[in-house]
file target08.csv (CSV, C-alpha atoms and all ligand atoms)
chain,number,residue,atom,x,y,z
V,84,MET,CA,71.8,94.5,88.4
V,85,SER,CA,73.6,93.7,85.2
V,86,THR,CA,74.0,90.2,83.9
V,87,ARG,CA,77.2,91.0,82.1
V,88,PRO,CA,80.4,89.5,83.7
V,89,ARG,CA,82.2,92.1,85.9
V,90,SER,CA,85.6,93.6,85.2
V,91,LEU,CA,87.4,95.4,87.9
V,92,SER,CA,90.6,97.5,87.9
V,93,GLY,CA,92.3,100.2,90.0
V,94,ILE,CA,94.8,102.9,89.3
V,95,LYS,CA,96.9,104.5,92.0
V,96,PRO,CA,96.8,108.2,92.5
V,97,SER,CA,100.5,108.7,92.4
V,98,GLY,CA,101.3,111.2,89.7
V,99,GLN,CA,100.1,112.6,86.4
V,100,PRO,CA,98.5,110.0,84.1
V,101,HIS,CA,100.6,109.8,80.9
V,102,TRP,CA,100.4,108.5,77.3
V,103,GLY,CA,101.6,105.0,78.5
V,104,ASN,CA,98.7,104.8,80.9
V,105,TYR,CA,96.3,106.0,78.3
V,106,PHE,CA,97.2,103.6,75.5
V,107,GLY,CA,98.2,100.7,77.8
V,108,ALA,CA,95.4,100.9,80.4
V,109,ILE,CA,92.7,103.6,80.1
V,110,GLU,CA,91.7,103.1,76.4
V,111,PRO,CA,91.6,99.3,76.6
V,112,ALA,CA,89.6,99.4,79.9
V,113,LEU,CA,87.1,101.8,78.4
V,114,LYS,CA,86.7,99.5,75.3
V,115,MET,CA,85.8,96.7,77.7
V,116,THR,CA,82.8,98.5,79.2
V,117,SER,CA,80.4,97.3,76.4
V,118,GLU,CA,81.1,93.7,77.2
V,119,PHE,CA,81.5,93.9,80.9
V,120,GLU,CA,79.9,95.6,83.9
V,121,ALA,CA,82.9,97.7,84.7
V,122,PHE,CA,84.1,98.6,88.2
V,123,TYR,CA,87.0,101.0,88.2
V,124,PHE,CA,88.5,102.6,91.3
V,125,ILE,CA,91.1,105.0,92.5
V,126,ALA,CA,93.5,103.0,94.6
V,127,ASP,CA,94.2,105.6,97.3
V,128,TYR,CA,94.8,103.0,100.1
V,129,HIS,CA,97.5,101.5,98.0
V,130,ALA,CA,99.1,104.8,97.2
V,131,LEU,CA,99.4,105.4,100.9
V,132,THR,CA,102.2,102.8,101.0
V,133,THR,CA,104.4,105.5,99.4
V,134,VAL,CA,102.7,108.9,99.2
V,135,ARG,CA,103.4,111.2,102.2
V,136,ASP,CA,101.8,114.4,101.2
V,137,ALA,CA,98.1,114.7,102.1
V,138,GLU,CA,97.4,117.6,99.6
V,139,LEU,CA,99.0,115.6,96.8
V,140,MET,CA,97.0,112.5,97.7
V,141,ARG,CA,93.7,114.5,97.4
V,142,GLU,CA,94.8,116.3,94.2
V,143,ASP,CA,96.1,113.2,92.5
V,144,SER,CA,92.9,111.3,93.3
V,145,TYR,CA,90.9,114.0,91.6
V,146,LEU,CA,93.4,113.9,88.7
V,147,VAL,CA,92.8,110.2,88.2
V,148,ALA,CA,89.0,110.5,88.4
V,149,ALA,CA,88.9,113.5,86.0
V,150,THR,CA,91.2,111.6,83.6
V,151,TRP,CA,88.9,108.6,83.5
V,152,LEU,CA,85.9,110.7,82.9
V,153,ALA,CA,87.5,113.1,80.4
V,154,CYS,CA,88.7,110.0,78.4
V,155,GLY,CA,85.1,108.8,78.1
V,156,LEU,CA,84.1,106.8,81.2
V,157,ASP,CA,80.3,107.1,81.6
V,158,PRO,CA,79.6,107.2,85.3
V,159,THR,CA,76.1,106.0,84.9
V,160,GLU,CA,77.3,102.8,83.1
V,161,THR,CA,80.5,102.2,85.0
V,162,VAL,CA,81.0,102.3,88.8
V,163,LEU,CA,83.9,104.7,89.5
V,164,TRP,CA,84.9,105.2,93.2
V,165,ARG,CA,87.6,106.0,95.6
V,166,GLN,CA,88.9,102.8,97.2
V,167,SER,CA,88.9,104.3,100.7
V,168,ASP,CA,85.2,105.3,100.4
V,169,VAL,CA,84.5,101.5,100.8
V,170,PRO,CA,86.4,100.7,104.0
V,171,GLU,CA,84.9,97.2,104.0
V,172,VAL,CA,87.9,96.3,101.8
V,173,CYS,CA,90.2,96.6,104.8
V,174,GLU,CA,88.1,94.1,106.7
V,175,LEU,CA,88.1,91.5,103.9
V,176,SER,CA,91.9,92.1,103.6
V,177,TRP,CA,92.2,91.0,107.3
V,178,LEU,CA,90.1,87.9,106.6
V,179,LEU,CA,92.4,87.0,103.6
V,180,SER,CA,95.6,87.7,105.5
V,181,CYS,CA,94.6,85.0,108.0
V,182,VAL,CA,94.7,82.4,105.2
V,183,THR,CA,97.8,83.7,103.4
V,184,GLY,CA,101.2,82.1,104.1
V,185,PHE,CA,104.0,84.5,104.8
V,186,GLY,CA,106.2,82.6,102.2
V,187,LEU,CA,103.7,83.7,99.4
V,188,ILE,CA,103.9,87.3,100.5
V,189,GLU,CA,107.7,87.4,100.6
V,190,ARG,CA,107.7,86.5,96.9
V,191,ALA,CA,105.5,89.4,95.9
V,192,HIS,CA,106.7,92.0,93.4
V,193,ALA,CA,105.7,94.8,95.7
V,194,VAL,CA,108.2,93.6,98.4
V,195,LYS,CA,110.9,92.7,95.9
V,196,ASP,CA,110.6,96.1,94.1
V,197,ALA,CA,110.9,98.0,97.4
V,198,ARG,CA,114.0,95.9,98.3
V,199,ALA,CA,115.6,96.4,94.8
V,200,ASN,CA,115.0,100.1,95.0
V,201,GLN,CA,116.1,100.3,98.6
V,202,ARG,CA,112.9,101.8,99.6
V,203,GLU,CA,111.6,101.4,103.1
V,204,ILE,CA,109.5,98.2,103.4
V,205,ASN,CA,106.6,99.3,105.6
V,206,PHE,CA,103.9,96.8,106.5
V,207,GLY,CA,101.6,98.3,104.0
V,208,ILE,CA,103.9,97.2,101.2
V,209,VAL,CA,104.1,93.7,102.7
V,210,SER,CA,100.3,93.4,102.8
V,211,TYR,CA,99.8,95.2,99.4
V,212,PRO,CA,98.9,92.0,97.6
V,213,VAL,CA,96.4,91.0,100.2
V,214,LEU,CA,94.6,94.4,100.0
V,215,MET,CA,94.7,94.1,96.2
V,216,ALA,CA,93.1,90.6,96.5
V,217,ALA,CA,90.5,92.1,98.7
V,218,ASP,CA,89.8,94.8,96.1
V,219,ILE,CA,89.1,92.2,93.6
V,220,LEU,CA,87.2,89.6,95.7
V,221,LEU,CA,85.0,92.1,97.5
V,222,TYR,CA,83.1,92.6,94.2
V,223,ASP,CA,82.9,89.0,92.9
V,224,SER,CA,84.9,90.2,90.0
V,225,ASP,CA,85.2,87.9,86.9
V,226,VAL,CA,88.1,89.5,85.1
V,227,VAL,CA,90.8,91.9,86.1
V,228,PRO,CA,92.5,93.8,83.3
V,229,VAL,CA,96.0,94.8,84.3
V,230,GLY,CA,99.5,95.3,83.0
V,231,ARG,CA,101.8,92.3,82.9
V,232,ASP,CA,103.6,93.4,86.0
V,233,GLN,CA,100.4,92.9,88.1
V,234,LEU,CA,99.7,89.4,87.0
V,235,GLN,CA,101.5,87.9,89.9
V,236,HIS,CA,99.2,89.8,92.3
V,237,ILE,CA,96.1,88.3,90.5
V,238,GLU,CA,97.6,84.8,90.8
V,239,MET,CA,98.0,85.5,94.5
V,240,ALA,CA,94.4,86.5,94.8
V,241,ARG,CA,93.4,83.3,93.1
V,242,ASP,CA,95.5,81.3,95.6
V,243,MET,CA,93.8,83.2,98.5
V,244,VAL,CA,90.4,82.2,97.1
V,245,SER,CA,91.4,78.5,97.1
V,246,HIS,CA,92.7,78.8,100.7
V,247,PHE,CA,89.7,80.7,102.0
V,248,ASN,CA,87.2,78.4,100.3
V,249,GLN,CA,89.1,75.2,101.4
V,250,GLN,CA,89.7,76.3,105.0
V,251,PHE,CA,86.4,78.0,105.7
V,252,VAL,CA,83.9,76.5,103.4
V,253,GLY,CA,85.5,73.1,103.1
V,254,GLY,CA,85.6,72.8,99.3
V,255,ASN,CA,86.5,74.5,96.1
V,256,CYS,CA,83.0,76.1,95.7
V,257,LEU,CA,82.6,74.9,92.1
V,258,ASP,CA,79.7,73.0,90.6
V,259,GLU,CA,80.1,69.9,88.3
V,260,GLU,CA,80.8,72.2,85.3
V,261,GLY,CA,83.5,74.0,87.1
V,262,ASN,CA,81.5,77.2,87.6
V,263,TRP,CA,81.5,79.0,90.9
V,264,ASN,CA,78.5,77.9,93.0
V,265,GLY,CA,77.9,81.2,94.8
V,266,VAL,CA,79.4,80.1,98.1
V,267,GLY,CA,82.6,81.4,99.6
V,268,LEU,CA,84.7,83.7,97.3
V,269,LYS,CA,84.7,83.9,93.5
V,270,ARG,CA,87.9,83.2,91.7
V,271,PRO,CA,88.8,85.9,89.2
V,272,GLU,CA,90.8,85.7,85.9
V,273,GLY,CA,93.6,88.1,85.1
V,274,ARG,CA,93.6,89.6,81.7
V,275,VAL,CA,96.8,91.1,80.4
V,276,ARG,CA,96.4,94.0,78.1
V,277,ASP,CA,98.7,92.9,75.3
V,278,SER,CA,97.0,94.7,72.5
V,279,THR,CA,99.1,97.8,72.9
V,280,ALA,CA,102.9,97.5,72.8
V,281,ILE,CA,104.9,99.2,75.5
V,282,VAL,CA,104.7,103.0,74.9
V,283,PRO,CA,108.2,104.5,74.9
V,284,GLY,CA,109.1,107.5,77.0
V,285,VAL,CA,111.0,110.6,75.9
V,286,ASP,CA,114.3,108.7,76.5
V,287,GLY,CA,113.2,105.6,74.5
V,288,GLY,CA,112.8,103.4,77.5
V,289,LYS,CA,109.3,102.3,78.9
V,290,MET,CA,107.3,105.4,79.7
V,291,SER,CA,106.8,105.4,83.4
V,292,LYS,CA,106.3,107.8,86.3
V,293,SER,CA,109.3,106.1,88.0
V,294,TYR,CA,111.7,107.1,85.2
V,295,ASP,CA,110.8,110.8,84.8
V,296,ASN,CA,110.3,110.3,81.0
V,297,VAL,CA,106.6,110.7,80.7
V,298,ILE,CA,104.4,112.9,78.4
V,299,PRO,CA,101.3,113.7,80.4
V,300,ILE,CA,97.9,113.2,78.8
V,301,PHE,CA,96.7,116.6,80.1
V,302,GLY,CA,98.6,119.8,80.7
V,303,SER,CA,99.3,123.2,79.3
V,304,LYS,CA,100.3,123.3,75.6
V,305,LYS,CA,103.6,124.7,76.7
V,306,ALA,CA,104.4,121.9,79.1
V,307,ILE,CA,103.4,119.2,76.6
V,308,LYS,CA,105.4,120.8,73.8
V,309,LYS,CA,108.5,120.9,76.1
V,310,ARG,CA,108.2,117.2,76.7
V,311,VAL,CA,107.6,116.3,73.1
V,312,MET,CA,110.6,118.5,72.0
V,313,SER,CA,112.8,116.6,74.5
V,314,ILE,CA,112.2,113.2,72.9
V,315,VAL,CA,115.6,111.7,72.3
V,316,THR,CA,116.6,111.1,68.6
V,317,ASP,CA,119.9,110.2,66.9
V,318,SER,CA,122.2,112.9,65.3
V,319,THR,CA,121.5,112.2,61.6
V,320,PRO,CA,121.8,115.7,59.9
V,321,LEU,CA,118.6,117.3,58.7
V,322,GLU,CA,119.3,116.8,55.0
V,323,GLU,CA,120.0,113.0,55.2
V,324,PRO,CA,117.4,110.2,54.9
V,325,LYS,CA,116.2,108.7,58.2
V,326,ASP,CA,114.8,105.4,59.3
V,327,PRO,CA,111.3,106.0,60.9
V,328,GLU,CA,111.3,102.5,62.4
V,329,THR,CA,114.2,103.2,64.8
V,330,CYS,CA,112.8,106.7,65.8
V,331,ASN,CA,111.0,107.3,69.1
V,332,VAL,CA,109.1,110.2,67.6
V,333,PHE,CA,107.7,108.0,64.9
V,334,GLN,CA,106.8,105.2,67.4
V,335,LEU,CA,104.7,107.7,69.3
V,336,TYR,CA,103.2,109.2,66.2
V,337,LYS,CA,101.9,105.8,65.3
V,338,LEU,CA,99.6,105.8,68.4
V,339,PHE,CA,97.7,108.8,67.1
V,340,SER,CA,97.6,108.3,63.3
V,341,THR,CA,96.0,106.2,60.5
V,342,ALA,CA,98.1,103.8,58.4
V,343,GLU,CA,98.1,106.3,55.5
V,344,GLU,CA,99.3,109.1,57.7
V,345,GLN,CA,102.1,106.9,59.0
V,346,ALA,CA,103.1,105.9,55.5
V,347,GLU,CA,103.1,109.5,54.5
V,348,LEU,CA,105.3,110.6,57.4
V,349,ALA,CA,107.6,107.5,56.8
V,350,GLU,CA,108.1,108.7,53.2
V,351,ARG,CA,109.2,112.1,54.4
V,352,TYR,CA,111.7,110.6,56.8
V,353,ARG,CA,113.2,108.5,54.0
V,354,ALA,CA,113.3,111.3,51.5
V,355,GLY,CA,115.8,113.4,53.5
V,356,GLY,CA,115.6,117.2,54.1
V,357,PHE,CA,113.2,116.5,57.0
V,358,GLY,CA,114.5,116.9,60.5
V,359,TYR,CA,113.5,115.3,63.8
V,360,GLY,CA,112.3,118.8,64.9
V,361,HIS,CA,109.8,118.7,62.1
V,362,ALA,CA,108.7,115.2,63.1
V,363,LYS,CA,108.2,116.3,66.7
V,364,LEU,CA,106.0,119.2,65.6
V,365,GLU,CA,103.9,116.7,63.5
V,366,LEU,CA,103.6,114.5,66.6
V,367,LEU,CA,102.6,117.5,68.7
V,368,GLU,CA,99.9,118.5,66.3
V,369,LYS,CA,98.5,115.1,66.0
V,370,SER,CA,98.5,114.4,69.8
V,371,SER,CA,97.0,117.7,70.7
V,372,ALA,CA,94.2,117.3,68.2
V,373,TYR,CA,93.6,113.7,69.5
V,374,PHE,CA,93.3,114.9,73.1
V,375,ALA,CA,91.8,118.4,72.5
V,376,GLN,CA,88.2,117.5,73.4
V,377,LYS,CA,89.3,115.4,76.3
V,378,GLN,CA,91.5,118.2,77.5
V,379,GLU,CA,88.5,120.5,77.5
V,380,ARG,CA,86.4,118.0,79.5
V,381,PHE,CA,89.3,117.4,81.9
V,382,ASP,CA,89.8,121.2,82.6
V,383,ALA,CA,86.0,121.6,83.2
V,384,LEU,CA,86.0,118.6,85.6
V,385,MET,CA,89.1,119.7,87.5
V,386,ALA,CA,87.5,123.2,87.9
V,387,ASP,CA,84.3,121.6,89.4
V,388,ARG,CA,85.2,119.5,92.4
V,389,ASP,CA,81.6,119.3,93.5
V,390,THR,CA,80.7,117.3,90.3
V,391,LEU,CA,83.7,115.0,90.8
V,392,GLU,CA,82.7,114.4,94.4
V,393,ASP,CA,79.1,113.7,93.4
V,394,ILE,CA,80.2,111.1,90.8
V,395,LEU,CA,82.6,109.5,93.3
V,396,ARG,CA,80.0,109.5,96.0
V,397,ASP,CA,77.4,107.8,93.8
V,398,GLY,CA,80.1,105.3,92.7
V,399,ALA,CA,81.0,104.5,96.3
V,400,ARG,CA,77.3,104.0,97.2
V,401,ARG,CA,76.9,101.5,94.3
V,402,ALA,CA,80.2,99.8,95.0
V,403,ARG,CA,79.4,99.5,98.7
V,404,GLU,CA,76.1,97.8,98.1
V,405,VAL,CA,77.9,94.9,96.4
V,406,ALA,CA,80.8,95.0,98.9
V,407,GLN,CA,78.5,94.7,101.9
V,408,GLY,CA,76.8,91.6,100.5
V,409,VAL,CA,80.1,89.8,99.7
V,410,LEU,CA,81.6,90.8,103.0
V,411,ALA,CA,78.6,89.4,104.9
V,412,ARG,CA,79.0,86.1,103.0
V,413,ALA,CA,82.7,86.0,103.9
V,414,ARG,CA,82.1,86.8,107.6
V,415,GLU,CA,79.4,84.2,107.8
V,416,ALA,CA,81.8,81.6,106.3
V,417,THR,CA,84.4,82.3,109.0
V,418,GLY,CA,82.0,82.2,112.0
V,419,LEU,CA,81.9,85.9,112.6
V,420,PRO,CA,78.4,87.3,112.7
V,421,SER,CA,77.4,88.0,109.1
V,422,ARG,CA,76.8,91.6,110.0
V,423,PRO,CA,78.3,93.4,112.9
V,424,HIS,CA,76.1,95.1,115.5
V,425,ARG,CA,76.3,98.8,115.0
D,1,LIG,P1,103.8,104.0,86.0
D,1,LIG,O1,104.8,102.9,85.4
D,1,LIG,O2,103.9,105.2,85.3
D,1,LIG,O3,103.9,104.1,87.5
D,1,LIG,P2,101.4,102.5,86.5
D,1,LIG,O4,102.2,101.3,87.0
D,1,LIG,O5,100.7,103.4,87.5
D,1,LIG,O6,102.4,103.4,85.6
D,1,LIG,O7,100.5,102.1,85.3
D,1,LIG,C1,99.2,101.8,85.4
D,1,LIG,C2,98.9,100.9,84.1
D,1,LIG,O8,99.2,101.7,82.9
D,1,LIG,C3,99.8,99.7,84.1
D,1,LIG,O9,99.3,98.6,84.7
D,1,LIG,C4,100.0,99.5,82.6
D,1,LIG,O10,99.0,98.6,82.1
D,1,LIG,C5,99.8,100.8,82.0
D,1,LIG,N1,101.1,101.4,81.5
D,1,LIG,C6,102.0,102.1,82.3
D,1,LIG,N2,103.0,102.5,81.5
D,1,LIG,C7,102.9,102.0,80.3
D,1,LIG,C8,103.6,102.0,79.0
D,1,LIG,N3,104.8,102.7,79.0
D,1,LIG,N4,103.2,101.4,78.0
D,1,LIG,C9,102.0,100.7,78.1
D,1,LIG,N5,101.2,100.6,79.2
D,1,LIG,C10,101.6,101.2,80.3
D,2,LIG,N1,98.4,97.4,92.1
D,2,LIG,C1,97.9,98.1,90.9
D,2,LIG,C2,99.0,98.9,90.2
D,2,LIG,O1,100.0,99.2,90.8
D,2,LIG,C3,96.7,98.9,91.2
D,2,LIG,C4,95.6,98.1,91.9
D,2,LIG,C5,95.3,98.1,93.2
D,2,LIG,C6,94.8,97.2,91.2
D,2,LIG,N2,94.2,97.3,93.4
D,2,LIG,C7,93.9,96.7,92.2
D,2,LIG,C8,94.7,96.8,89.9
D,2,LIG,C9,92.9,95.7,91.9
D,2,LIG,C10,93.7,95.8,89.6
D,2,LIG,C11,92.8,95.3,90.6
D,2,LIG,O2,98.8,99.2,89.0
call {"tool": "encode", "arguments": {"input": "target08.csv", "output": "structure tokens"}}
result
Amino acid sequence: MSTRPRSLSGIKPSGQPHWGNYFGAIEPALKMTSEFEAFYFIADYHALTTVRDAELMREDSYLVAATWLACGLDPTETVLWRQSDVPEVCELSWLLSCVTGFGLIERAHAVKDARANQREINFGIVSYPVLMAADILLYDSDVVPVGRDQLQHIEMARDMVSHFNQQFVGGNCLDEEGNWNGVGLKRPEGRVRDSTAIVPGVDGGKMSKSYDNVIPIFGSKKAIKKRVMSIVTDSTPLEEPKDPETCNVFQLYKLFSTAEEQAELAERYRAGGFGYGHAKLELLEKSSAYFAQKQERFDALMADRDTLEDILRDGARRAREVAQGVLARAREATGLPSRPHR
């Protein structure tokens, strides 16, 4: 077992991963794998709070797995699994729900979002933060890299650790130096990925599956070109000078290019005689070159479900080994037998 601290994160299989996910979540998470023992999973139980199409659930789970792998996740170094392959998480979720006040849950984003968007509030949405805490605590995670919107859930997980440890172990489970003493549950740290600014979508707002403004990481050349060409720009005529800093196309171009390339393109904007259509083609060329090798790996993986299943099975086995040990410790603390009779 590794002596590196453990980082853990999950992505829901609820649609095609896009440039915002790549630069905001996937790339930074992959960079962390040298410093941390990384545990990354496909949050299918969480997706079940909204997804109602079994075929889509299966397909999107493969899509997320293939995206991680194509983008460079090494499955021998990193544990990659499907959340539902380790059902112990549901049991820990139950133990945590017994120490979680309803007032805390009512304040959660998951519930507030559903209310604001007038979506049905099923009980899965209510217990979403408890299951997410179980995801994290089941693996004695040290850090949890997430987007800012998820920070509240990490705070809630930290509260659940305090309540669990106080109520079942009778203390805060810390030694004199403030380090966890190996009893009860381990308190994680949230880590907001602030290194990348919000990636704008084709309409200039935050790129998000919920706003139908995404450019997918992977897809046919034609489909991606269509999205890139639909990026909203102002109506400055072709011959006039343009300001790159206020242009969405240029903001996206920056993600894929060096400082010199950016300066060069900015110069062409300012010189005039250069249209937004030209800029979009430059962006398309850069982005497809950037993702070309990854796209090839992605296509090969999506065409080989057996390999994907083998990787997910091996990940589930390794994740489960850790999970069973932590769950036994948690059951023991509550007075349940540390391992159930089978
Ligand atoms: P979506 O908003 O498309 O549903 P998710 O919430 O599934 O995306 O995103 C998973 C992670 O990807 C988020 O926690 C966040 O870190 C990152 N992310 C999503 N959209 C963006 C964006 N436009 N810019 C930067 N990061 C993003
Ligand atoms: N709720 C997260 C999201 O919507 C996904 C997620 C589920 C997660 N369980 C997690 C993230 C545990 C980090 C840790 O993006």
call {"tool": "closest_residue", "arguments": {"input": "target08.csv", "among": "V:Met140, V:Ala342, V:Val209, V:Val229", "to": "ligand LIG 2 (chain D)", "atoms": "all atoms listed in the file"}}
result
V:Val229
call {"tool": "residues_around", "arguments": {"input": "target08.csv", "residues": "Cys154 (chain V)", "least_positions_apart": "5", "cutoff": "9 Å", "atoms": "all atoms listed in the file", "output": "list in words"}}
result
Tyr105, Ile109, Glu110, Leu113, Ala149, Phe374, Lys377, Gln378, Arg380 and Phe381 of chain V
call {"tool": "residues_around", "arguments": {"input": "target08.csv", "residues": "region 265-275 of chain V", "least_positions_apart": "3", "cutoff": "6 Å", "atoms": "all atoms listed in the file", "output": "list in words"}}
result
Asp223, Ser224, Asp225, Val226, Val227, Pro228, Val229, Gly230, Arg231, Ile237, Arg241, Val244, Asn248 and Cys256 of chain V
call {"tool": "atom_distance", "arguments": {"input": "target08.csv", "atom1": "CA of Pro420 (chain V)", "atom2": "atom C9 of ligand LIG 2 (chain D)"}}
result
26.7 Å
call {"tool": "closest_residue", "arguments": {"input": "target08.csv", "among": "V:Tyr145, V:Tyr222, V:Phe124, V:Trp151", "to": "Gln166 (chain V)", "atoms": "only C-alpha atoms"}}
result
V:Phe124
call {"tool": "atom_distance", "arguments": {"input": "target08.csv", "atom1": "CA of Gly398 (chain V)", "atom2": "atom O5 of ligand LIG 1 (chain D)"}}
result
21.3 Å
call {"tool": "residues_near_ligand", "arguments": {"input": "target08.csv", "ligand": "ligand LIG 2 (chain D)", "cutoff": "8 Å", "atoms": "only C-alpha atoms and all ligand atoms", "output": "VMD selection string"}}
result
chain V and resid 91 to 95 126 129 211 to 212 214 to 216 218 to 219 227 to 230 233 236 to 237
call {"tool": "write_last_selection", "arguments": {"input": "target08.csv", "atoms": "C-alpha atoms", "output": "PDB file, in the frame of the given file"}}
result
ATOM      1  CA  LEU V  91      87.400  95.400  87.900  1.00  0.00           C
ATOM      2  CA  SER V  92      90.600  97.500  87.900  1.00  0.00           C
ATOM      3  CA  GLY V  93      92.300 100.200  90.000  1.00  0.00           C
ATOM      4  CA  ILE V  94      94.800 102.900  89.300  1.00  0.00           C
ATOM      5  CA  LYS V  95      96.900 104.500  92.000  1.00  0.00           C
ATOM      6  CA  ALA V 126      93.500 103.000  94.600  1.00  0.00           C
ATOM      7  CA  HIS V 129      97.500 101.500  98.000  1.00  0.00           C
ATOM      8  CA  TYR V 211      99.800  95.200  99.400  1.00  0.00           C
ATOM      9  CA  PRO V 212      98.900  92.000  97.600  1.00  0.00           C
ATOM     10  CA  LEU V 214      94.600  94.400 100.000  1.00  0.00           C
ATOM     11  CA  MET V 215      94.700  94.100  96.200  1.00  0.00           C
ATOM     12  CA  ALA V 216      93.100  90.600  96.500  1.00  0.00           C
ATOM     13  CA  ASP V 218      89.800  94.800  96.100  1.00  0.00           C
ATOM     14  CA  ILE V 219      89.100  92.200  93.600  1.00  0.00           C
ATOM     15  CA  VAL V 227      90.800  91.900  86.100  1.00  0.00           C
ATOM     16  CA  PRO V 228      92.500  93.800  83.300  1.00  0.00           C
ATOM     17  CA  VAL V 229      96.000  94.800  84.300  1.00  0.00           C
ATOM     18  CA  GLY V 230      99.500  95.300  83.000  1.00  0.00           C
ATOM     19  CA  GLN V 233     100.400  92.900  88.100  1.00  0.00           C
ATOM     20  CA  HIS V 236      99.200  89.800  92.300  1.00  0.00           C
ATOM     21  CA  ILE V 237      96.100  88.300  90.500  1.00  0.00           C
TER      22      ILE V 237
END
call {"tool": "residues_near_ligand", "arguments": {"input": "target08.csv", "ligand": "ligand LIG 1 (chain D)", "cutoff": "10 Å", "atoms": "all atoms listed in the file", "output": "number ranges by chain"}}
result
V: 92-109, 111-112, 130, 228-234, 275-284, 287-297
call {"tool": "closest_residue", "arguments": {"input": "target08.csv", "among": "V:Thr183, V:Trp164, V:Lys363, V:Arg396", "to": "His246 (chain V)", "atoms": "only C-alpha atoms"}}
result
V:Thr183
call {"tool": "closest_residue", "arguments": {"input": "target08.csv", "among": "V:Leu146, V:Ile298, V:Cys330, V:Leu163", "to": "Ser318 (chain V)", "atoms": "only C-alpha atoms"}}
result
V:Cys330
call {"tool": "atom_distance", "arguments": {"input": "target08.csv", "atom1": "CA of Lys369 (chain V)", "atom2": "CA of Thr316 (chain V)"}}
result
18.7 Å
call {"tool": "decode", "arguments": {"input": "target08.csv", "residues": "region 295-331 of chain V", "atoms": "C-alpha atoms", "output": "PDB file, in the first residue's frame"}}
result
ATOM      1  CA  ASP V 295     -26.636  23.124 -23.470  1.00  0.00           C
ATOM      2  CA  ASN V 296     -23.576  25.229 -24.346  1.00  0.00           C
ATOM      3  CA  VAL V 297     -20.811  22.627 -24.180  1.00  0.00           C
ATOM      4  CA  ILE V 298     -18.071  21.601 -26.584  1.00  0.00           C
ATOM      5  CA  PRO V 299     -17.464  17.888 -25.980  1.00  0.00           C
ATOM      6  CA  ILE V 300     -13.901  16.631 -25.548  1.00  0.00           C
ATOM      7  CA  PHE V 301     -14.559  13.710 -27.854  1.00  0.00           C
ATOM      8  CA  GLY V 302     -16.779  13.357 -30.876  1.00  0.00           C
ATOM      9  CA  SER V 303     -16.759  13.423 -34.668  1.00  0.00           C
ATOM     10  CA  LYS V 304     -14.840  16.255 -36.363  1.00  0.00           C
ATOM     11  CA  LYS V 305     -18.109  17.409 -37.854  1.00  0.00           C
ATOM     12  CA  ALA V 306     -19.938  17.581 -34.514  1.00  0.00           C
ATOM     13  CA  ILE V 307     -17.113  19.459 -32.814  1.00  0.00           C
ATOM     14  CA  LYS V 308     -16.738  21.876 -35.735  1.00  0.00           C
ATOM     15  CA  LYS V 309     -20.452  22.622 -35.536  1.00  0.00           C
ATOM     16  CA  ARG V 310     -20.130  23.519 -31.851  1.00  0.00           C
ATOM     17  CA  VAL V 311     -17.002  25.634 -32.350  1.00  0.00           C
ATOM     18  CA  MET V 312     -18.558  27.529 -35.268  1.00  0.00           C
ATOM     19  CA  SER V 313     -21.588  28.294 -33.080  1.00  0.00           C
ATOM     20  CA  ILE V 314     -19.549  30.224 -30.469  1.00  0.00           C
ATOM     21  CA  VAL V 315     -21.228  33.572 -29.957  1.00  0.00           C
ATOM     22  CA  THR V 316     -19.232  36.676 -30.986  1.00  0.00           C
ATOM     23  CA  ASP V 317     -20.131  40.342 -31.492  1.00  0.00           C
ATOM     24  CA  SER V 318     -20.941  41.809 -34.892  1.00  0.00           C
ATOM     25  CA  THR V 319     -17.744  43.791 -35.588  1.00  0.00           C
ATOM     26  CA  PRO V 320     -17.260  43.639 -39.408  1.00  0.00           C
ATOM     27  CA  LEU V 321     -14.424  41.505 -40.756  1.00  0.00           C
ATOM     28  CA  GLU V 322     -12.186  44.400 -41.826  1.00  0.00           C
ATOM     29  CA  GLU V 323     -12.267  46.221 -38.463  1.00  0.00           C
ATOM     30  CA  PRO V 324      -9.810  45.682 -35.567  1.00  0.00           C
ATOM     31  CA  LYS V 325     -11.115  43.485 -32.744  1.00  0.00           C
ATOM     32  CA  ASP V 326     -10.414  43.128 -29.041  1.00  0.00           C
ATOM     33  CA  PRO V 327      -9.258  39.555 -28.297  1.00  0.00           C
ATOM     34  CA  GLU V 328      -9.786  39.940 -24.552  1.00  0.00           C
ATOM     35  CA  THR V 329     -13.557  40.308 -24.884  1.00  0.00           C
ATOM     36  CA  CYS V 330     -13.898  37.438 -27.376  1.00  0.00           C
ATOM     37  CA  ASN V 331     -15.073  33.953 -26.290  1.00  0.00           C
TER      38      ASN V 331
END
